[in-house]
Amino acid sequence: MSLSLIRDNRDYRWLISAAGLSNLGDGVSALAFPWLASLITRDPLLISLTAVATRLPWLLLALPAGVWTDRVDRRALMIRADLFRCLLTFGIVAMVIAAPPPVASEGAAIAGLCAVAFLLGAAEVLRDNAAQTVLPAVVKAADLEAANGQIWSLERIMGHFVGPPLAGVLIALALPVPFAFDALTFAGAAALVWLMVIPARTVRPRTGFWHELKAGLAWIWGHVVIWRLAIMLGLINAVAMASLTMLVLFSQDVLGLGALGHGLLLTAGAVGGVIGGLGAPRLARRLGGTRSLRVAMVIFAAAYALIGLADAAWLVALALFSEALGGMLWNVVTVSYRQRTIPDDMLGRVNSVYRFFGWGMMPLGALAGGVAVAWLEPSLGREAALRVPYLAGAGVIAVLGLAALLVLRLPDRDPA
């Protein structure tokens with residue numbers, strides 16, 4: 001891992017530090033949020049609704065977020081989104097203190113949790129789209145793979161390696177504590193982004209919201225490789241969310257794990273993500289873009305199949321490790337390719353269209369996972385029903401991988 005980017009580039013140093021801090025909080029809430037839902041209710045469908053609410057903004061708001069990102073100061077947008085998430089997360093603290101589980105009305109409590117989750121997801125849409133579009137203004141085009149790999153490695157370390165086990169400890173102290181911690185990380189991330197000095201962008205004349213949105217749609221429609229990647233990512237993410245949403249129940253009811261054990265299980269994915277983030281740029285250069293994506297899809301299918309058949313926590317940990325490694329390889333290749341290919345004045349809109357397809361499928365996948373388990377449990381039993389999202393996901397990814405062999409050809413490197 002080259003440290004020259006961090007050492008020599010002040011603004012990149014603030015950016016990667018903000019990403020690490022906010023993802024530490026995200027790692028804590030990634031365990032605390034579904035754990036809170038599971039304390040309120042044991043209904044897999046109701047639990048899945050919290051994940052749906054978190055990801056639904058990617059389906060509803062991704063397209064307009066791209067127009068807003070291209071219109072405004074991207075640094076300021078990141079700061080405001082993080083501060084808004086800070087206030088919302090303190091709202092969860094107040095909610096838990098005022099009505100700690102178990103609660104009299106499961107439906108009302110889950111509805112309140114879903115409302116806050118939706119608003120948090122809406123802020124995340126704006127913040128993440130701005131963060132991806134600001135990176136090419138901070139580092140050189142030739143350094144994008146290295147920068148993306150470093151950022152995602154740090155995000156994995158903080159969000160999956162450190163955050164989930166820390167959440168188990170914080171939950172043991174008191175249920176509101178992990179959410180208060182998360183709120184403080186958002187405030188700290190906003191302060192770090194505020195320290196950045198980003199070169200001024202050329203302000204383009206506004207031509208109307210819908211006209212600008214259609215321009216982004218037209219650009220991506222004219223670039224067959226990018227829209228094919230968007231559709232593939234959407235299906236991959238739908239499978240991932242169906243699996244991830246049920247993992248908290250799989251850990252408890254199949255593997256017999258508590259909060260700390262579940263956090264350590266998620267940590268295995270973090271290790272794979274760190275290794276993948278650091279090694280993916282070099283591996284991608286060796287394999288080329290197309291072969292890198294094919295390798296990633298083989299890893300995805302094998303990982304989900306392993307979870308679906310596993311009876312031991314260490315096998316699930318191995319699968320999560322592998323899936324995260326493959327995910328890093330996929331992201332380093334595809335995001336760097338987009339950042340290098342899409343013009344700066346279109347980057348926010350085209351990224352948002354891409355993420356509309358790629359991330360908009362997440363709430364549908366989360367809902368599908370909960371519906372499938374709830375529907376199949378009466379006939380198959382709890383354990384067998386919880387295995388279905390993983391085995392079905394392995395099949396979906398396998399079919400998608402075969403289709404990719406026929407239609408996907410990614411240039412190894414576009415000119416800067």
# chains A, B, ... in the order shown; residues from 1 in each chain; ligands from 1
$ select_by_dssp --residues "region 75-210 of chain A" --states "alpha helix (DSSP H)" --output "number ranges by chain"
A: 75-98, 106-138, 144-156, 163-173, 177-194, 209-210
$ closest_atom_pairs --of "region 180-244 of chain A" --to "region 355-372 of chain A" --cutoff "6 Å" --atoms "only C-alpha atoms" --output "CSV"
residue,atom,partner,partner_atom,distance
A:Ala230,CA,A:Gly358,CA,5.0
A:Ile231,CA,A:Phe357,CA,5.9
A:Leu233,CA,A:Gly358,CA,4.7
A:Gly234,CA,A:Gly358,CA,3.7
A:Asn237,CA,A:Met362,CA,5.7
A:Ala238,CA,A:Gly365,CA,4.0
A:Val239,CA,A:Gly365,CA,6.0
A:Met241,CA,A:Ala366,CA,4.9
A:Ala242,CA,A:Gly369,CA,4.2
$ atom_distance --atom1 "CA of Leu410 (chain A)" --atom2 "CA of Met232 (chain A)"
13.1 Å
$ closest_atom_pairs --of "region 166-250 of chain A" --to "region 297-311 of chain A" --cutoff "10 Å" --atoms "only C-alpha atoms" --output "Markdown table"
| residue | atom | partner | partner_atom | distance |
| --- | --- | --- | --- | --- |
| A:Ile236 | CA | A:Phe300 | CA | 8.5 |
| A:Val239 | CA | A:Tyr304 | CA | 9.1 |
| A:Ala240 | CA | A:Tyr304 | CA | 8.8 |
| A:Ser243 | CA | A:Tyr304 | CA | 8.1 |
| A:Leu247 | CA | A:Ile307 | CA | 9.8 |
| A:Phe250 | CA | A:Ile307 | CA | 9.6 |
$ residues_around --residues "Ser352 (chain A)" --least-positions-apart "2" --cutoff "10 Å" --atoms "only C-alpha atoms" --output "list in words"
Trp58, Leu61, Ala62, Leu63, Pro64, Ala65, Gly66, Val67, Thr69, Val125, Leu126, Asp128, Asn129, Ala130, Thr133, Leu213, Gly216, Leu217, Met346, Leu347, Gly348, Arg349, Val350, Tyr354, Arg355, Phe356, Phe357, Gly358 and Trp359 of chain A
$ residues_around --residues "region 264-281 of chain A" --least-positions-apart "5" --cutoff "9 Å" --atoms "only C-alpha atoms" --output "number ranges by chain"
A: 1, 31, 145-146, 148-165, 168, 251, 259, 286, 292, 313-314, 316-333
$ closest_atom_pairs --of "region 78-118 of chain A" --to "region 38-55 of chain A" --cutoff "12 Å" --atoms "only C-alpha atoms" --output "JSON lines"
{"residue": "A:Val96", "atom": "CA", "partner": "A:Ile40", "partner_atom": "CA", "distance": 10.7}
{"residue": "A:Ala99", "atom": "CA", "partner": "A:Ile40", "partner_atom": "CA", "distance": 10.5}
{"residue": "A:Pro100", "atom": "CA", "partner": "A:Ile40", "partner_atom": "CA", "distance": 8.8}
{"residue": "A:Pro101", "atom": "CA", "partner": "A:Ile40", "partner_atom": "CA", "distance": 5.6}
{"residue": "A:Pro102", "atom": "CA", "partner": "A:Ile40", "partner_atom": "CA", "distance": 5.6}
{"residue": "A:Val103", "atom": "CA", "partner": "A:Ile40", "partner_atom": "CA", "distance": 6.6}
{"residue": "A:Ala104", "atom": "CA", "partner": "A:Ile40", "partner_atom": "CA", "distance": 9.3}
{"residue": "A:Ser105", "atom": "CA", "partner": "A:Ile40", "partner_atom": "CA", "distance": 8.8}
{"residue": "A:Glu106", "atom": "CA", "partner": "A:Ile40", "partner_atom": "CA", "distance": 6.0}
{"residue": "A:Gly107", "atom": "CA", "partner": "A:Leu46", "partner_atom": "CA", "distance": 8.0}
{"residue": "A:Ala108", "atom": "CA", "partner": "A:Ile40", "partner_atom": "CA", "distance": 10.1}
{"residue": "A:Ala109", "atom": "CA", "partner": "A:Ile40", "partner_atom": "CA", "distance": 7.3}
{"residue": "A:Ile110", "atom": "CA", "partner": "A:Leu46", "partner_atom": "CA", "distance": 7.1}
{"residue": "A:Ala111", "atom": "CA", "partner": "A:Thr50", "partner_atom": "CA", "distance": 8.4}
{"residue": "A:Gly112", "atom": "CA", "partner": "A:Thr50", "partner_atom": "CA", "distance": 9.6}
{"residue": "A:Leu113", "atom": "CA", "partner": "A:Thr50", "partner_atom": "CA", "distance": 6.8}
{"residue": "A:Cys114", "atom": "CA", "partner": "A:Thr50", "partner_atom": "CA", "distance": 5.0}
{"residue": "A:Ala115", "atom": "CA", "partner": "A:Ala53", "partner_atom": "CA", "distance": 7.2}
{"residue": "A:Val116", "atom": "CA", "partner": "A:Ala53", "partner_atom": "CA", "distance": 8.5}
{"residue": "A:Ala117", "atom": "CA", "partner": "A:Thr54", "partner_atom": "CA", "distance": 4.8}
{"residue": "A:Phe118", "atom": "CA", "partner": "A:Ala53", "partner_atom": "CA", "distance": 4.7}
$ write_last_selection --atoms "C-alpha atoms" --output "mmCIF file, in the first residue's frame"
data_model
loop_
_atom_site.group_PDB
_atom_site.id
_atom_site.type_symbol
_atom_site.label_atom_id
_atom_site.label_comp_id
_atom_site.auth_asym_id
_atom_site.auth_seq_id
_atom_site.Cartn_x
_atom_site.Cartn_y
_atom_site.Cartn_z
ATOM 1 C CA VAL A 96 -34.618 4.211 22.906
ATOM 2 C CA ALA A 99 -39.393 3.657 25.072
ATOM 3 C CA PRO A 100 -36.822 0.904 25.622
ATOM 4 C CA PRO A 101 -37.681 -2.583 24.308
ATOM 5 C CA PRO A 102 -39.687 -4.654 24.855
ATOM 6 C CA VAL A 103 -42.469 -2.307 23.812
ATOM 7 C CA ALA A 104 -46.236 -2.555 23.971
ATOM 8 C CA SER A 105 -46.733 -2.020 20.234
ATOM 9 C CA GLU A 106 -44.188 -3.713 17.977
ATOM 10 C CA GLY A 107 -45.714 -2.198 14.838
ATOM 11 C CA ALA A 108 -45.525 1.383 16.082
ATOM 12 C CA ALA A 109 -41.950 0.966 17.313
ATOM 13 C CA ILE A 110 -40.795 -0.553 14.019
ATOM 14 C CA ALA A 111 -42.625 2.195 12.106
ATOM 15 C CA GLY A 112 -40.743 4.858 14.072
ATOM 16 C CA LEU A 113 -37.467 3.054 13.512
ATOM 17 C CA CYS A 114 -38.216 2.810 9.794
ATOM 18 C CA ALA A 115 -38.980 6.542 9.575
ATOM 19 C CA VAL A 116 -35.621 7.468 11.076
ATOM 20 C CA ALA A 117 -33.880 4.832 8.945
ATOM 21 C CA PHE A 118 -35.408 6.313 5.785
#
$ residues_around --residues "region 192-194 of chain A" --least-positions-apart "4" --cutoff "8 Å" --atoms "only C-alpha atoms" --output "number ranges by chain"
A: 14-15, 17-18, 75-76, 78-79, 188
$ residues_around --residues "Ala141 (chain A)" --least-positions-apart "5" --cutoff "10 Å" --atoms "only C-alpha atoms" --output "number ranges by chain"
A: 135-136, 147, 336-337, 339-341, 415-416
$ closest_residue --among "A:Val353, A:Leu229, A:Leu87, A:Val254" --to "Arg387 (chain A)" --atoms "only C-alpha atoms"
A:Val254
$ closest_residue --among "A:Leu386, A:Leu88, A:Ala19, A:Ile198" --to "Gln252 (chain A)" --atoms "only C-alpha atoms"
A:Leu386
$ closest_residue --among "A:Gly20, A:Gly381, A:Gly289, A:Pro178" --to "Asp253 (chain A)" --atoms "only C-alpha atoms"
A:Gly381
